[in-house]
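What follows is one structure encoded as structure tokens, with my remarks underneath.
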Amino acid sequence: MKHRAILVAFATFALSLLVAPPAQAATATATFVKVSDWGSGFEGKVTVTNGTTTAMNGWNVQFDVPAGYSIPSVWDAVMTRNGQHYTFTNPSWAGTLAAGASASFGFNGGPGNFPGITGCTLNGASCGGTTTPGVPGAPGAASATATAGAITLTWGASSGTVTGYRVYEGAAVKATVTGTTTTISGLGACETHTYTVKAYNAQGESPGRDATATTTGCTGGGGTLPKHFLTGYWHNFVNAAAELKLSAVPNEYDLVAIAFGEATATPGEVVFAVDPGLATAVGGYTDAQFKADVQALHQRGKKVILSVGGEAGRVQVADAAAATRFADSVYAIMQSYGFDGVDIDLENGLNATYMAQALRALRAKAGSGLIITMAPQTIDMQSTGMEYFKLALSIKDILTVVHTQFYNSGSMLGCDQSFAYAQGTVNFMTALACIQLENGLRPDQVALGLPAGPGAAGGGVVSPSLVNQALDCLAKRTSCGTFVPPRAYPDIRGAMTWSINWDASNNWSFSKTVKPHLQGMP
């Protein structure tokens, strides 16, 4: 009996070697992944995998999308739709899918924050593949608040599967968190930082959401100027525009630049007096009356500064002695006439080193309330190597605003360096302002300078409504042309026009259109 049992056991073992265990059946699968989601739309991809041992003669993938969502475009497949139910079949050039091979098709849909597909079938059977979450949707609106040495960021949660959030400054990761707020510390006073928040998971990163803030501690001038303000030049001379006494400046203007302080034979020295020709044109105007009008503007809450230079201006500050004379003479004029600061409008060249020295000397005399503005031509702000741009960056800590003249310049490259944008367009204003915004100036130090209407410039005259569009494009990335800035600059300072007199000649169209828009900006 014992030997028989051994023989039976051996036979059973041998049979087990000859009979293979049952294998799981090979199947075909279709796997969906959300490739990206940018808030207003999404990209999806489906991969069909033939896991069988024989070629697949065509494939048919069907699924449903939630109510309110749609798929308007597809590639590498033929799509039909019945309500929320979509069918995708192989294109004619890909009729056979070999054993073990895969094929993918993609599509764009909308709106964003897409939750995924349901009821997926492949050739009538369940898709069988896993549905991966894809990258998260973009974070919600981001905001930034600042103290002397830190900026705190807060944003809305992203849709989809989120592992965490990365906070970038440029290409550098400044923080990685799982919540929807973080504080970046260790910053200096009066520093402007723009951060980009992105959600991430195992599939990748979401689109970014930007926020910008400036740490406290700025000592730059500006007095009580509004967050977004309108600047206008007032003519102290006679030309084809309407002649005005300073008292005729309308309330829409926040900052009035008196054009112009003039040079003398002594390098660096500036002088000013009411022009006799203008005085005659307006029926008589004395220096005393002019000074009284300056004070009346102050009582209305306005600021008045002296613009130095202009098209014909020959003020030269090319050495230390000239810098001292500039500071001394401009300060004396400010004291005499009640001006709140100075505008640098030297269209015949300047020396950034010595002009910076002159302005710092003036600041030391006038104090922290000194307003310093600049009105460079467009060509002067094309790169940080230009003298005007060098000057602006070197006095950034005391500079109020740069209102570049976006006119009389022809077509020019913007910050994308891709196109020569034509003057007189939203693209021109935004793409060229972007150069300053992305190369060191704070948004509150950048304004758009435009002519007030026909006659005011030889080129670049725009409808005031286009100025408003450009401001919205820069502040909110809305109302843009084909150029869209890389981020929003909600603190963009405002607009300047040449000139108040030309605005009067054009029925005050510029100030009555642009000023209310500035007041409505956040």
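Going by the structure tokens order, chains are called A, B, ..., each with residues numbered from 1, while ligands are numbered from 1 in the order shown.
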
Exercise for review: Identify, on the basis of only C-alpha atoms, every residue whose closest approach to range 161-164 of chain A does not exceed 7 Å; exclude the query and any residue fewer than 6 positions from it along the same chain; express the result as a VMD selection string.
Suggested key: chain A and resid 133 136 177 to 178 199 to 201

Review point. Skipping near chain neighbours, those fewer than 4 positions away, what residues fall within 8 Å of range 44-61 of chain A using only C-alpha atoms, listed as a PyMOL selection string?
Key: chain A and resi 26-36+87-90+94-109+120-124+127

N, CA and C atoms of the current selection, written as a short mmCIF file (atom, residue, chain, number, x, y, z; two decimals), in the first residue's frame:
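Okay, this is what ended up in again.cif:
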```cif
data_model
loop_
_atom_site.label_atom_id
_atom_site.label_comp_id
_atom_site.auth_asym_id
_atom_site.auth_seq_id
_atom_site.Cartn_x
_atom_site.Cartn_y
_atom_site.Cartn_z
N ALA A 26 -5.86 37.95 -22.27
CA ALA A 26 -5.33 39.24 -22.70
C ALA A 26 -6.48 40.12 -23.19
N THR A 27 -6.40 41.44 -22.91
CA THR A 27 -7.49 42.35 -23.27
C THR A 27 -6.95 43.61 -23.95
N ALA A 28 -7.85 44.32 -24.60
CA ALA A 28 -7.56 45.65 -25.14
C ALA A 28 -8.13 46.68 -24.18
N THR A 29 -7.42 47.79 -24.01
CA THR A 29 -7.86 48.83 -23.06
C THR A 29 -7.80 50.20 -23.71
N ALA A 30 -8.56 51.11 -23.13
CA ALA A 30 -8.50 52.53 -23.52
C ALA A 30 -8.38 53.36 -22.25
N THR A 31 -7.32 54.15 -22.17
CA THR A 31 -7.02 54.90 -20.95
C THR A 31 -7.08 56.40 -21.23
N PHE A 32 -7.85 57.11 -20.41
CA PHE A 32 -7.98 58.55 -20.55
C PHE A 32 -7.06 59.26 -19.55
N VAL A 33 -6.46 60.39 -19.99
CA VAL A 33 -5.71 61.26 -19.10
C VAL A 33 -5.99 62.71 -19.48
N LYS A 34 -6.17 63.56 -18.48
CA LYS A 34 -6.30 65.00 -18.72
C LYS A 34 -4.90 65.58 -18.78
N VAL A 35 -4.49 66.00 -19.96
CA VAL A 35 -3.12 66.47 -20.16
C VAL A 35 -2.89 67.82 -19.50
N SER A 36 -3.84 68.73 -19.65
CA SER A 36 -3.70 70.06 -19.05
C SER A 36 -5.08 70.67 -18.86
N THR A 87 -18.28 59.65 -29.73
CA THR A 87 -17.72 58.44 -30.33
C THR A 87 -16.48 58.82 -31.14
N PHE A 88 -15.41 58.06 -30.95
CA PHE A 88 -14.15 58.31 -31.65
C PHE A 88 -13.72 57.00 -32.33
N THR A 89 -13.43 57.07 -33.60
CA THR A 89 -12.96 55.91 -34.34
C THR A 89 -11.61 56.20 -34.96
N ASN A 90 -10.92 55.13 -35.30
CA ASN A 90 -9.59 55.30 -35.87
C ASN A 90 -9.65 56.05 -37.20
N ALA A 94 -5.01 54.67 -40.19
CA ALA A 94 -4.56 53.82 -39.07
C ALA A 94 -5.62 52.76 -38.79
N GLY A 95 -5.91 51.93 -39.81
CA GLY A 95 -7.00 50.97 -39.68
C GLY A 95 -6.68 49.76 -38.84
N THR A 96 -5.42 49.39 -38.72
CA THR A 96 -5.04 48.17 -37.99
C THR A 96 -4.12 48.53 -36.84
N LEU A 97 -4.41 47.94 -35.67
CA LEU A 97 -3.57 48.12 -34.49
C LEU A 97 -2.96 46.77 -34.15
N ALA A 98 -1.66 46.63 -34.34
CA ALA A 98 -0.99 45.34 -34.15
C ALA A 98 -1.07 44.88 -32.71
N ALA A 99 -0.91 43.57 -32.51
CA ALA A 99 -0.89 43.00 -31.16
C ALA A 99 0.21 43.66 -30.34
N GLY A 100 -0.14 44.10 -29.14
CA GLY A 100 0.83 44.73 -28.25
C GLY A 100 1.09 46.20 -28.53
N ALA A 101 0.49 46.75 -29.59
CA ALA A 101 0.73 48.15 -29.97
C ALA A 101 -0.29 49.08 -29.33
N SER A 102 0.03 50.38 -29.36
CA SER A 102 -0.87 51.40 -28.81
C SER A 102 -1.04 52.53 -29.81
N ALA A 103 -2.16 53.21 -29.71
CA ALA A 103 -2.43 54.40 -30.52
C ALA A 103 -3.16 55.40 -29.64
N SER A 104 -2.86 56.68 -29.83
CA SER A 104 -3.47 57.73 -29.00
C SER A 104 -4.16 58.76 -29.87
N PHE A 105 -5.19 59.36 -29.32
CA PHE A 105 -5.80 60.54 -29.94
C PHE A 105 -6.03 61.59 -28.86
N GLY A 106 -6.04 62.84 -29.29
CA GLY A 106 -6.19 63.93 -28.33
C GLY A 106 -7.34 64.84 -28.71
N PHE A 107 -7.74 65.68 -27.75
CA PHE A 107 -8.84 66.61 -28.01
C PHE A 107 -8.78 67.77 -27.03
N ASN A 108 -9.37 68.87 -27.46
CA ASN A 108 -9.54 70.05 -26.60
C ASN A 108 -11.01 70.19 -26.24
N GLY A 109 -11.26 70.59 -25.02
CA GLY A 109 -12.63 70.78 -24.56
C GLY A 109 -12.77 72.00 -23.68
N CYS A 120 -17.01 54.80 -20.36
CA CYS A 120 -16.09 54.56 -21.48
C CYS A 120 -16.19 53.11 -21.97
N THR A 121 -16.30 52.95 -23.31
CA THR A 121 -16.27 51.62 -23.92
C THR A 121 -15.28 51.61 -25.08
N LEU A 122 -14.67 50.43 -25.30
CA LEU A 122 -13.77 50.21 -26.43
C LEU A 122 -14.30 49.03 -27.23
N ASN A 123 -14.69 49.30 -28.45
CA ASN A 123 -15.29 48.26 -29.31
C ASN A 123 -16.45 47.55 -28.61
N GLY A 124 -17.25 48.32 -27.88
CA GLY A 124 -18.44 47.80 -27.23
C GLY A 124 -18.24 47.24 -25.85
N CYS A 127 -13.83 49.98 -21.26
CA CYS A 127 -12.48 50.41 -21.64
C CYS A 127 -11.41 49.64 -20.87
#
```

Dump as JSON lines the rows for residues of range 430-451 of chain A within 12 Å of range 179-190 of chain A: closest atom pair and distance in Å with one decimal, only C-alpha atoms counted, ordered by chain and rising residue number.
```
{"residue": "A:Leu441", "atom": "CA", "partner": "A:Cys190", "partner_atom": "CA", "distance": 11.5}
{"residue": "A:Arg442", "atom": "CA", "partner": "A:Cys190", "partner_atom": "CA", "distance": 9.6}
{"residue": "A:Asp444", "atom": "CA", "partner": "A:Cys190", "partner_atom": "CA", "distance": 11.7}
```

Practice item. Would you mind telling me which residue in A:Thr192, A:Val65, A:His235, A:Ile344 lies nearest to Ala148 in chain A when using only C-alpha atoms? Key: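 Once distances to Ala148 in chain A are computed over only C-alpha atoms, the minimum belongs to A:Thr192.
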
Exercise for review: Based on DSSP run over this structure's backbone, return all residues of range 381-426 of chain A in alpha helix (DSSP H), as a list in words.
Suggested key: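 Filtering range 381-426 of chain A to alpha helix (DSSP H) leaves Glu387, Tyr388, Phe389, Lys390, Leu391, Ala392, Leu393, Ser394 and Val426 of chain A.
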
**Study point:** strand (DSSP E or B) per DSSP on the backbone: members of range 283-446 of chain A, as a VMD selection string
**Key:** chain A and resid 303 to 310 341 to 346 371 to 374 377 401 to 405 412 to 413 420 to 421 446

**Study point:** Exercise: Trp234 in chain A partners within 6 Å, only C-alpha atoms, chain neighbours under 5 positions left out, as an MDAnalysis selection string
**Key:** chainID A and resid 258:259 500

Write the residues you've just listed into a file as a compact mmCIF listing (two decimals), in the first residue's frame, and include all heavy atoms for each of them.
```txt
# COMPACT_ATOMS: atom_id res chain seq x y z
N ILE A 258 4.78 121.53 -16.00
CA ILE A 258 4.94 122.83 -16.66
C ILE A 258 6.06 122.73 -17.69
O ILE A 258 7.21 122.43 -17.36
CB ILE A 258 5.27 123.94 -15.63
CG1 ILE A 258 4.19 123.98 -14.52
CG2 ILE A 258 5.43 125.28 -16.31
CD1 ILE A 258 2.80 124.26 -15.02
N ALA A 259 5.73 122.98 -18.95
CA ALA A 259 6.68 122.82 -20.04
C ALA A 259 7.10 124.19 -20.58
O ALA A 259 6.27 124.88 -21.17
CB ALA A 259 6.06 121.98 -21.16
N ILE A 500 -2.16 119.13 -22.06
CA ILE A 500 -3.43 119.70 -21.59
C ILE A 500 -3.98 120.67 -22.64
O ILE A 500 -5.20 120.71 -22.90
CB ILE A 500 -3.22 120.40 -20.24
CG1 ILE A 500 -2.81 119.36 -19.17
CG2 ILE A 500 -4.47 121.17 -19.81
CD1 ILE A 500 -2.37 119.97 -17.85
```
